[in-house]
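What follows is the content of target_11.txt (compact mmCIF, C-alpha atoms and all ligand atoms).
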```txt
# COMPACT_ATOMS: atom_id res chain seq x y z
CA MET A 1 262.56 15.73 -16.35
CA SER A 2 264.00 18.96 -17.64
CA SER A 3 263.21 22.13 -15.75
CA TYR A 4 262.79 23.92 -19.08
CA ALA A 5 259.96 23.50 -21.56
CA ILE A 6 262.31 24.27 -24.47
CA GLU A 7 266.09 24.49 -24.61
CA VAL A 8 267.78 25.83 -27.72
CA ILE A 9 271.55 25.33 -27.77
CA ASN A 10 273.88 26.78 -30.45
CA LEU A 11 271.13 26.30 -33.01
CA LYS A 12 272.06 27.02 -36.62
CA LYS A 13 270.30 26.69 -39.97
CA ASN A 14 272.00 27.21 -43.31
CA PHE A 15 270.04 27.22 -46.56
CA VAL A 16 271.72 26.58 -49.88
CA VAL A 17 270.51 29.23 -52.26
CA LYS A 18 271.10 28.99 -55.98
CA LYS A 19 272.04 32.30 -57.46
CA LYS A 20 271.34 32.88 -61.15
CA LYS A 21 274.50 33.87 -62.94
CA GLY A 22 274.62 35.42 -66.37
CA PHE A 23 272.71 34.76 -69.60
CA PHE A 24 272.92 30.95 -69.53
CA ALA A 25 271.72 30.72 -65.93
CA LYS A 26 268.54 28.91 -66.87
CA ILE A 27 270.49 26.09 -68.49
CA LYS A 28 273.43 25.64 -66.14
CA ASN A 29 276.14 27.47 -64.27
CA ARG A 30 274.14 28.41 -61.19
CA GLU A 31 276.27 29.66 -58.36
CA LYS A 32 275.48 28.04 -55.01
CA LYS A 33 275.60 30.19 -51.92
CA ILE A 34 275.11 29.38 -48.27
CA PHE A 35 272.66 31.61 -46.44
CA THR A 36 272.62 31.42 -42.63
CA ALA A 37 269.03 32.06 -41.51
CA VAL A 38 269.62 31.10 -37.86
CA ASP A 39 273.11 31.75 -36.59
CA GLY A 40 274.00 29.80 -33.44
CA ILE A 41 271.26 30.96 -31.09
CA ASN A 42 270.75 30.00 -27.44
CA PHE A 43 267.69 30.40 -25.22
CA ASN A 44 265.55 28.51 -22.71
CA VAL A 45 261.79 28.75 -22.33
CA ASN A 46 260.60 28.25 -18.75
CA LYS A 47 257.62 26.03 -18.04
CA GLY A 48 254.38 27.99 -17.86
CA GLU A 49 255.65 31.21 -19.39
CA ILE A 50 254.75 33.04 -22.57
CA PHE A 51 258.02 33.51 -24.40
CA GLY A 52 257.89 36.10 -27.15
CA PHE A 53 260.16 35.76 -30.14
CA LEU A 54 260.26 39.20 -31.71
CA GLY A 55 262.00 40.30 -34.86
CA PRO A 56 261.51 41.95 -38.25
CA ASN A 57 260.53 40.04 -41.42
CA GLY A 58 263.15 37.52 -42.41
CA ALA A 59 264.92 37.59 -39.03
CA GLY A 60 264.77 33.80 -38.59
CA LYS A 61 261.71 33.37 -36.35
CA THR A 62 259.81 30.83 -38.44
CA THR A 63 262.97 28.88 -39.27
CA THR A 64 263.69 28.58 -35.54
CA ILE A 65 260.22 27.38 -34.60
CA LYS A 66 260.19 24.92 -37.50
CA MET A 67 263.37 23.39 -36.06
CA ILE A 68 261.78 23.26 -32.59
CA SER A 69 258.63 21.64 -34.06
CA THR A 70 260.77 19.00 -35.86
CA LEU A 71 259.65 20.28 -39.29
CA LEU A 72 263.15 21.37 -40.26
CA ARG A 73 266.44 19.69 -39.44
CA PRO A 74 269.05 21.99 -37.87
CA THR A 75 272.41 22.38 -39.61
CA SER A 76 273.94 22.15 -36.15
CA GLY A 77 273.02 22.63 -32.50
CA THR A 78 270.41 21.07 -30.27
CA VAL A 79 266.72 21.56 -29.48
CA MET A 80 265.29 19.90 -26.39
CA VAL A 81 261.53 19.89 -25.78
CA ASN A 82 260.63 18.84 -22.23
CA GLY A 83 264.08 17.27 -22.09
CA ILE A 84 263.59 15.30 -25.32
CA ASP A 85 265.96 15.79 -28.27
CA ALA A 86 263.98 17.08 -31.28
CA VAL A 87 266.33 15.51 -33.86
CA LYS A 88 266.73 12.12 -32.13
CA ASN A 89 263.12 11.65 -30.93
CA PRO A 90 260.81 13.78 -33.10
CA ILE A 91 257.73 11.61 -32.44
CA ASP A 92 258.07 11.99 -28.66
CA VAL A 93 258.67 15.72 -29.07
CA LEU A 94 255.48 16.11 -31.10
CA LYS A 95 253.47 14.51 -28.27
CA ASN A 96 254.42 17.53 -26.13
CA LEU A 97 253.76 20.18 -28.76
CA GLY A 98 250.83 21.89 -30.43
CA THR A 99 252.02 24.08 -33.30
CA VAL A 100 250.17 26.71 -35.34
CA LEU A 101 252.31 27.96 -38.21
CA ALA A 102 251.68 31.32 -39.87
CA GLY A 103 249.80 31.33 -43.14
CA GLU A 104 249.96 27.56 -43.46
CA ARG A 105 246.92 25.39 -43.71
CA SER A 106 247.25 23.37 -40.55
CA VAL A 107 243.61 22.25 -40.88
CA TYR A 108 241.72 20.84 -43.88
CA TRP A 109 239.71 23.56 -45.61
CA LYS A 110 237.32 21.13 -47.30
CA LEU A 111 236.33 19.61 -43.94
CA THR A 112 234.08 21.33 -41.42
CA GLY A 113 235.45 22.71 -38.17
CA ARG A 114 233.95 19.77 -36.28
CA GLU A 115 235.29 17.16 -38.75
CA ASN A 116 238.77 18.67 -38.48
CA LEU A 117 238.80 18.44 -34.70
CA LEU A 118 237.42 14.86 -34.70
CA TYR A 119 240.01 13.88 -37.32
CA PHE A 120 242.95 15.33 -35.39
CA ALA A 121 241.58 13.85 -32.15
CA ALA A 122 241.62 10.40 -33.82
CA MET A 123 245.18 11.04 -35.06
CA ASN A 124 246.11 11.50 -31.40
CA GLY A 125 244.33 8.31 -30.33
CA ILE A 126 241.27 10.13 -28.94
CA THR A 127 238.01 8.59 -30.20
CA GLY A 128 234.34 7.97 -29.30
CA GLN A 129 232.45 10.11 -26.80
CA VAL A 130 235.68 11.60 -25.37
CA ALA A 131 236.57 12.97 -28.82
CA LYS A 132 233.04 14.34 -29.31
CA ASP A 133 233.05 16.04 -25.90
CA LYS A 134 236.51 17.57 -26.46
CA THR A 135 235.47 18.79 -29.89
CA ASP A 136 232.29 20.41 -28.54
CA TYR A 137 234.22 22.00 -25.70
CA LEU A 138 236.84 23.52 -28.02
CA LEU A 139 234.26 24.67 -30.59
CA LYS A 140 232.34 26.47 -27.83
CA ARG A 141 235.47 27.85 -26.24
CA PHE A 142 236.67 29.38 -29.50
CA SER A 143 233.20 30.71 -30.46
CA LEU A 144 232.97 28.34 -33.44
CA TYR A 145 230.09 26.17 -32.24
CA LYS A 146 227.39 27.81 -34.36
CA ARG A 147 229.50 27.44 -37.53
CA ALA A 148 230.96 24.03 -36.55
CA ASP A 149 229.32 22.22 -39.47
CA GLU A 150 230.48 24.62 -42.19
CA THR A 151 233.64 23.91 -44.17
CA VAL A 152 236.70 25.81 -42.94
CA GLU A 153 237.16 27.49 -46.34
CA LYS A 154 234.04 29.54 -45.53
CA TYR A 155 235.50 30.78 -42.23
CA SER A 156 236.91 34.29 -41.73
CA THR A 157 240.68 34.69 -41.14
CA GLY A 158 240.05 35.00 -37.39
CA MET A 159 237.93 31.83 -37.35
CA LYS A 160 240.60 29.97 -39.32
CA GLN A 161 243.18 31.02 -36.73
CA ARG A 162 240.87 29.87 -33.92
CA ILE A 163 240.17 26.46 -35.46
CA ALA A 164 243.93 26.00 -36.00
CA LEU A 165 244.48 26.81 -32.33
CA ALA A 166 241.67 24.44 -31.27
CA LYS A 167 243.31 21.72 -33.38
CA ALA A 168 246.66 22.39 -31.65
CA LEU A 169 244.94 22.01 -28.25
CA ILE A 170 243.01 18.81 -28.98
CA SER A 171 245.78 16.57 -27.67
CA GLU A 172 246.20 18.85 -24.62
CA PRO A 173 249.91 19.47 -25.22
CA GLU A 174 252.02 21.10 -22.52
CA ILE A 175 253.65 23.47 -25.00
CA ILE A 176 251.96 25.56 -27.69
CA ILE A 177 253.95 27.20 -30.48
CA LEU A 178 252.23 30.05 -32.27
CA ASP A 179 253.76 31.66 -35.34
CA GLU A 180 252.42 35.19 -35.78
CA PRO A 181 248.95 34.23 -34.51
CA THR A 182 247.35 37.65 -34.98
CA SER A 183 248.87 38.42 -38.36
CA GLY A 184 246.16 39.50 -40.82
CA LEU A 185 243.45 39.80 -38.15
CA ASP A 186 241.32 42.91 -37.61
CA PRO A 187 242.01 44.68 -34.28
CA GLN A 188 238.98 43.15 -32.49
CA SER A 189 239.79 39.58 -33.59
CA ALA A 190 243.44 40.12 -32.67
CA ARG A 191 242.37 41.32 -29.21
CA ASN A 192 240.11 38.26 -28.76
CA LEU A 193 242.89 35.92 -29.79
CA ARG A 194 245.32 37.57 -27.38
CA GLU A 195 242.80 36.94 -24.58
CA VAL A 196 242.59 33.27 -25.60
CA ILE A 197 246.41 33.04 -25.52
CA LEU A 198 246.44 34.41 -21.96
CA GLU A 199 243.75 31.87 -20.98
CA ILE A 200 245.86 29.03 -22.38
CA LYS A 201 248.75 30.26 -20.24
CA LYS A 202 246.47 30.27 -17.16
CA GLU A 203 245.84 26.56 -17.74
CA GLY A 204 249.56 26.11 -17.01
CA ARG A 205 250.71 25.62 -20.58
CA THR A 206 253.90 27.08 -22.01
CA ILE A 207 253.59 29.29 -25.07
CA LEU A 208 256.29 30.21 -27.55
CA LEU A 209 254.99 33.02 -29.70
CA THR A 210 256.58 34.71 -32.67
CA THR A 211 255.48 38.15 -33.68
CA HIS A 212 256.69 41.28 -35.35
CA TYR A 213 254.16 43.37 -33.45
CA MET A 214 256.09 44.84 -30.55
CA GLU A 215 252.90 45.87 -28.67
CA GLU A 216 251.73 42.26 -28.82
CA ALA A 217 255.05 40.92 -27.54
CA ASP A 218 254.95 43.53 -24.79
CA LEU A 219 251.36 42.74 -23.75
CA LEU A 220 251.61 38.96 -23.73
CA SER A 221 255.16 37.90 -23.00
CA ASP A 222 256.78 37.11 -19.68
CA ARG A 223 260.11 37.27 -21.49
CA ILE A 224 261.13 38.32 -24.96
CA ALA A 225 264.00 37.37 -27.21
CA ILE A 226 264.69 39.86 -29.98
CA ILE A 227 266.14 38.23 -33.09
CA ASP A 228 267.70 40.01 -36.03
CA HIS A 229 269.69 38.52 -38.95
CA GLY A 230 269.53 35.08 -37.31
CA LYS A 231 271.08 36.21 -34.03
CA ILE A 232 269.50 36.93 -30.65
CA ILE A 233 270.39 40.50 -29.81
CA ALA A 234 268.48 40.83 -26.51
CA LEU A 235 266.62 38.58 -24.09
CA ASN A 236 264.80 39.81 -21.00
CA THR A 237 261.41 40.71 -19.56
CA PRO A 238 259.63 43.46 -21.54
CA GLN A 239 260.01 45.79 -18.55
CA ASN A 240 263.74 45.17 -18.17
CA LEU A 241 264.29 45.58 -21.90
CA LYS A 242 262.61 48.97 -21.74
CA GLU A 243 264.24 50.04 -18.48
CA GLY A 244 267.64 48.95 -19.75
CA LEU A 245 267.29 51.56 -22.40
CA ASN A 246 269.09 54.63 -21.22
CA LYS A 247 266.81 56.85 -23.20
CA THR A 248 265.71 60.31 -22.30
CA ASN A 249 262.02 60.38 -21.49
CA THR A 250 259.84 63.39 -21.31
CA VAL A 251 257.50 63.97 -18.41
CA THR A 252 255.01 66.79 -18.93
CA VAL A 253 253.28 68.30 -15.89
CA GLU A 254 250.55 70.96 -15.84
CA LEU A 255 250.36 72.94 -12.60
CA ASN A 256 248.63 75.87 -10.97
CA ASN A 257 251.92 77.41 -9.79
CA TRP A 258 255.64 77.32 -10.55
CA ASP A 259 258.75 79.27 -9.62
CA GLU A 260 262.55 79.11 -9.78
CA GLY A 261 262.77 77.63 -6.26
CA ILE A 262 260.72 74.54 -7.13
CA ALA A 263 262.43 74.28 -10.54
CA HIS A 264 265.77 74.09 -8.71
CA LYS A 265 264.47 71.34 -6.38
CA VAL A 266 263.27 69.26 -9.34
CA LYS A 267 266.61 69.74 -11.14
CA GLU A 268 268.38 68.32 -8.07
CA ILE A 269 266.48 64.99 -8.34
CA PRO A 270 268.80 62.21 -9.62
CA PHE A 271 268.35 61.37 -13.36
CA VAL A 272 266.58 64.68 -14.10
CA LYS A 273 268.44 66.18 -17.07
CA SER A 274 266.49 69.33 -17.79
CA VAL A 275 263.41 71.29 -16.69
CA ASN A 276 261.63 73.74 -19.00
CA SER A 277 258.53 75.67 -18.01
CA LYS A 278 256.12 77.94 -19.84
CA PHE A 279 252.93 79.70 -18.82
CA ASN A 280 249.90 78.76 -20.86
CA ASP A 281 247.78 81.96 -21.05
CA ASN A 282 244.59 80.23 -22.17
CA ALA A 283 244.56 77.54 -19.49
CA ARG A 284 246.07 79.94 -16.91
CA GLU A 285 248.45 77.13 -15.99
CA TYR A 286 252.13 76.29 -16.15
CA GLU A 287 253.29 73.50 -18.41
CA VAL A 288 256.61 72.02 -17.34
CA LYS A 289 258.59 69.55 -19.45
CA ILE A 290 261.09 67.47 -17.52
CA HIS A 291 263.62 65.21 -19.26
CA ILE A 292 264.73 62.17 -17.30
CA THR A 293 267.13 59.33 -18.07
CA ASN A 294 265.78 56.66 -15.75
CA GLY A 295 262.47 54.99 -14.99
CA SER A 296 259.61 55.09 -12.60
CA ASN A 297 261.33 56.10 -9.30
CA THR A 298 262.37 59.36 -10.86
CA VAL A 299 258.78 60.07 -11.88
CA SER A 300 257.45 59.46 -8.36
CA ASN A 301 260.24 61.62 -6.91
CA ILE A 302 259.22 64.45 -9.24
CA ILE A 303 255.56 64.19 -8.22
CA SER A 304 256.29 64.10 -4.49
CA THR A 305 258.74 67.04 -4.73
CA ILE A 306 256.14 69.16 -6.52
CA THR A 307 253.19 68.24 -4.27
CA ALA A 308 255.33 68.81 -1.12
CA SER A 309 255.57 72.46 -2.25
CA ASN A 310 251.76 72.77 -2.15
CA ILE A 311 251.51 72.95 -5.92
CA LYS A 312 248.46 71.33 -7.50
CA ILE A 313 249.12 69.02 -10.48
CA SER A 314 246.20 69.16 -12.91
CA ASN A 315 247.65 66.94 -15.60
CA PHE A 316 250.57 64.58 -15.97
CA ARG A 317 251.95 62.70 -18.99
CA SER A 318 254.95 60.44 -19.26
CA GLU A 319 256.19 59.05 -22.54
CA GLU A 320 257.73 55.67 -21.80
CA PRO A 321 260.13 53.93 -24.16
CA THR A 322 258.51 51.18 -26.20
CA LEU A 323 260.01 47.89 -27.40
CA GLU A 324 260.30 49.64 -30.76
CA ASP A 325 262.70 52.10 -29.06
CA VAL A 326 264.62 49.12 -27.65
CA PHE A 327 264.88 47.58 -31.11
CA ILE A 328 265.94 50.84 -32.75
CA ASN A 329 268.53 51.34 -30.04
CA LEU A 330 269.96 47.83 -30.60
CA THR A 331 269.88 47.71 -34.39
CA GLY A 332 269.63 51.29 -35.57
CA LYS A 333 266.52 50.44 -37.59
CA SER A 334 262.79 50.10 -37.06
CA LEU A 335 261.09 46.69 -36.67
CA ARG A 336 259.00 47.25 -39.78
CA GLU A 337 261.73 48.54 -42.08
N1 LIG B 1 263.82 27.15 -47.57
C1 LIG B 1 264.52 28.26 -47.61
N2 LIG B 1 265.51 28.44 -48.52
C2 LIG B 1 266.24 29.57 -48.54
N3 LIG B 1 266.07 30.60 -47.69
C3 LIG B 1 265.11 30.49 -46.78
C4 LIG B 1 264.27 29.32 -46.68
N4 LIG B 1 263.40 29.50 -45.65
C5 LIG B 1 263.67 30.74 -45.14
N5 LIG B 1 264.68 31.31 -45.80
C6 LIG B 1 265.26 32.64 -45.53
O1 LIG B 1 265.70 32.66 -44.19
C7 LIG B 1 265.47 33.95 -43.60
C8 LIG B 1 264.65 33.79 -42.34
O2 LIG B 1 263.33 33.40 -42.71
P1 LIG B 1 262.18 33.18 -41.62
O3 LIG B 1 260.96 32.74 -42.34
O4 LIG B 1 262.71 32.31 -40.54
O5 LIG B 1 262.02 34.65 -41.07
P2 LIG B 1 260.92 35.24 -40.08
O6 LIG B 1 261.67 35.94 -39.00
O7 LIG B 1 259.97 34.19 -39.68
O8 LIG B 1 260.22 36.32 -40.99
P3 LIG B 1 258.65 36.65 -41.20
O9 LIG B 1 258.29 37.55 -40.08
O10 LIG B 1 258.67 37.36 -42.51
O11 LIG B 1 257.91 35.35 -41.22
C9 LIG B 1 264.78 34.78 -44.67
O12 LIG B 1 265.76 35.59 -45.30
C10 LIG B 1 264.24 33.76 -45.63
O13 LIG B 1 264.17 34.26 -46.94
```
Let's see the structure in the file written out as structure tokens.
Amino acid sequence: MSSYAIEVINLKKNFVVKKKKGFFAKIKNREKKIFTAVDGINFNVNKGEIFGFLGPNGAGKTTTIKMISTLLRPTSGTVMVNGIDAVKNPIDVLKNLGTVLAGERSVYWKLTGRENLLYFAAMNGITGQVAKDKTDYLLKRFSLYKRADETVEKYSTGMKQRIALAKALISEPEIIILDEPTSGLDPQSARNLREVILEIKKEGRTILLTTHYMEEADLLSDRIAIIDHGKIIALNTPQNLKEGLNKTNTVTVELNNWDEGIAHKVKEIPFVKSVNSKFNDNAREYEVKIHITNGSNTVSNIISTITASNIKISNFRSEEPTLEDVFINLTGKSLRE
């Protein structure tokens, strides 16, 4: 048994794209071009973790998960799911996987929610009372029970996402692959779905999740791979990705007192780059902006240095780098550009 849920080794996908050329393009003379959507990527997903696959539109996320889910054949490289080769043994791989692809109808819209789950249960060899019980359990769990006997086409986007997820869980797979699960959902539905994803993790399942929402990747993922132009440009925990960013942060402190002596002490703290104070006449308080180039220890050193001088801190703000900052730092562009 492999110690990894998913292993991706030198994985590559080329698409042949036909480029129209000149006036007679419609008849003949189309130029063929190779486009590399996934360019020799490597990563492992540990059992039981949520692995976030983050990247801008067109980065290669969906192409990668289609290759993992056996829906697309790699040009070269290997995908192993629970130690099983996805190209050589796709049927065995699918027994370990539940996949929800973005924007694709993974359930039948003309069937009801309940009929869909019973159908996919039967497809997985689950029938009779066991299938009925599982279906009821999943319908209740995903708050679909009251609308279970309506056709899926009448469901809201959030409900469609939930029934697709329930369908992916019916065979109780060890690994769930979710392609942009909260895309197109209102903030409340997205929040609910994120809670469900965390619950699925608590059951001990592994989740591979693609998203272009950095806050979502940050909130949910144990580790994140950032993909751009078909290549993985960073892979780490969200915290390490952010801490690895040698970015100047601003810490703003509001205090009842301040003088040159304490300013000097704060400037002496390692990673403090500058200290600027001003007196706010209205609030009768000092506002001090401190620029630092390293994480949380520096912040606690600043607070203890100030409080040791018997100065009262009335307000404190720290602007931490986000994954967006990490992405901009790596690629020079924003995730949504
Ligand atoms: N069948 C195909 N033929 C040609 N090009 C394709 C095909 N499928 C995908 N591509 C291209 O490969 C690149 C990667 O697409 P992919 O769908 O994997 O990106 P993505 O990261 O999932 O983006 P999004 O967030 O928009 O879903 C894109 O430039 C896309 O146009």
Practice item. Report as a PyMOL selection string which protein, DNA and RNA residues come within 6 Å of ligand LIG 1 (chain B), using all atoms listed in the file. Key: chain A and resi 15+17+37+56-63
Check your understanding: Which one of A:Asn116, A:Thr75, A:Thr298, A:Thr252 sits closest to Val16 of chain A if you count only C-alpha atoms?
Key -> A:Thr75
Cut-off 8 Å: closest segment 113-177 of chain A/segment 199-205 of chain A atom pairs per residue, using all atoms listed in the file, as CSV:
```
residue,atom,partner,partner_atom,distance
A:Pro173,CA,A:Arg205,CA,7.7
A:Glu174,CA,A:Arg205,CA,5.1
A:Ile175,CA,A:Arg205,CA,5.7
A:Ile176,CA,A:Arg205,CA,7.2
```
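Minimum distance to Ser318 of chain A across A:Ile170, A:Ile292, A:Val8, A:Ala131 (counting all atoms listed in the file) occurs at A:Ile292.
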Exercise for review: Identify, on the basis of only C-alpha atoms, every residue whose closest approach to Leu178 of chain A does not exceed 9 Å; exclude the query and any residue fewer than 4 positions from it along the same chain; express the result as number ranges by chain.
Suggested key: A: 65, 98-102, 165, 207-211
Using only the atoms of segment 247-260 of chain A listed in the file, plus 6 Å on each side, state the axis-aligned box centre and edge lengths in Å rounded to one decimal, as AutoDock Vina command-line options.
```
--center_x 257.7 --center_y 68.1 --center_z -16.4 --size_x 30.2 --size_y 34.4 --size_z 25.6
```
Review point. Between A:Asp281, A:Asp85, A:Glu150, A:Glu7, which one has atoms that come closest to Asn46 of chain A, using all atoms listed in the file?
Key: A:Glu7
Review point. Can you tell me, as a PyMOL selection string, what residues are no more than 8 Å from Val45 of chain A when counting all atoms listed in the file, ignoring any on the same chain fewer than 3 positions away?
Key: chain A and resi 4-7+49+51+208
Go ahead and write the selection's residues with C-alpha atoms as a PDB file, in the frame of the given file.
```pdb
ATOM      1  CA  TYR A   4     262.790  23.920 -19.080  1.00  0.00           C
ATOM      2  CA  ALA A   5     259.960  23.500 -21.560  1.00  0.00           C
ATOM      3  CA  ILE A   6     262.310  24.270 -24.470  1.00  0.00           C
ATOM      4  CA  GLU A   7     266.090  24.490 -24.610  1.00  0.00           C
ATOM      5  CA  GLU A  49     255.650  31.210 -19.390  1.00  0.00           C
ATOM      6  CA  PHE A  51     258.020  33.510 -24.400  1.00  0.00           C
ATOM      7  CA  LEU A 208     256.290  30.210 -27.550  1.00  0.00           C
TER       8      LEU A 208
END
```
Review point. Contacts of Asn315 of chain A at 9 Å or less, counting all atoms listed in the file, minus same-chain residues fewer than 5 places along, as a count of residues only?
Key: 4
**Study point:** Length of the atom CA of Lys242 of chain A to atom CA of Leu323 of chain A vector [Å]
**Key:**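 We find that atom CA of Lys242 of chain A and atom CA of Leu323 of chain A lie 6.3 Å from each other.
A straight line drawn from atom CA of Ser189 of chain A to atom CA of Arg162 of chain A is 9.8 Å long.
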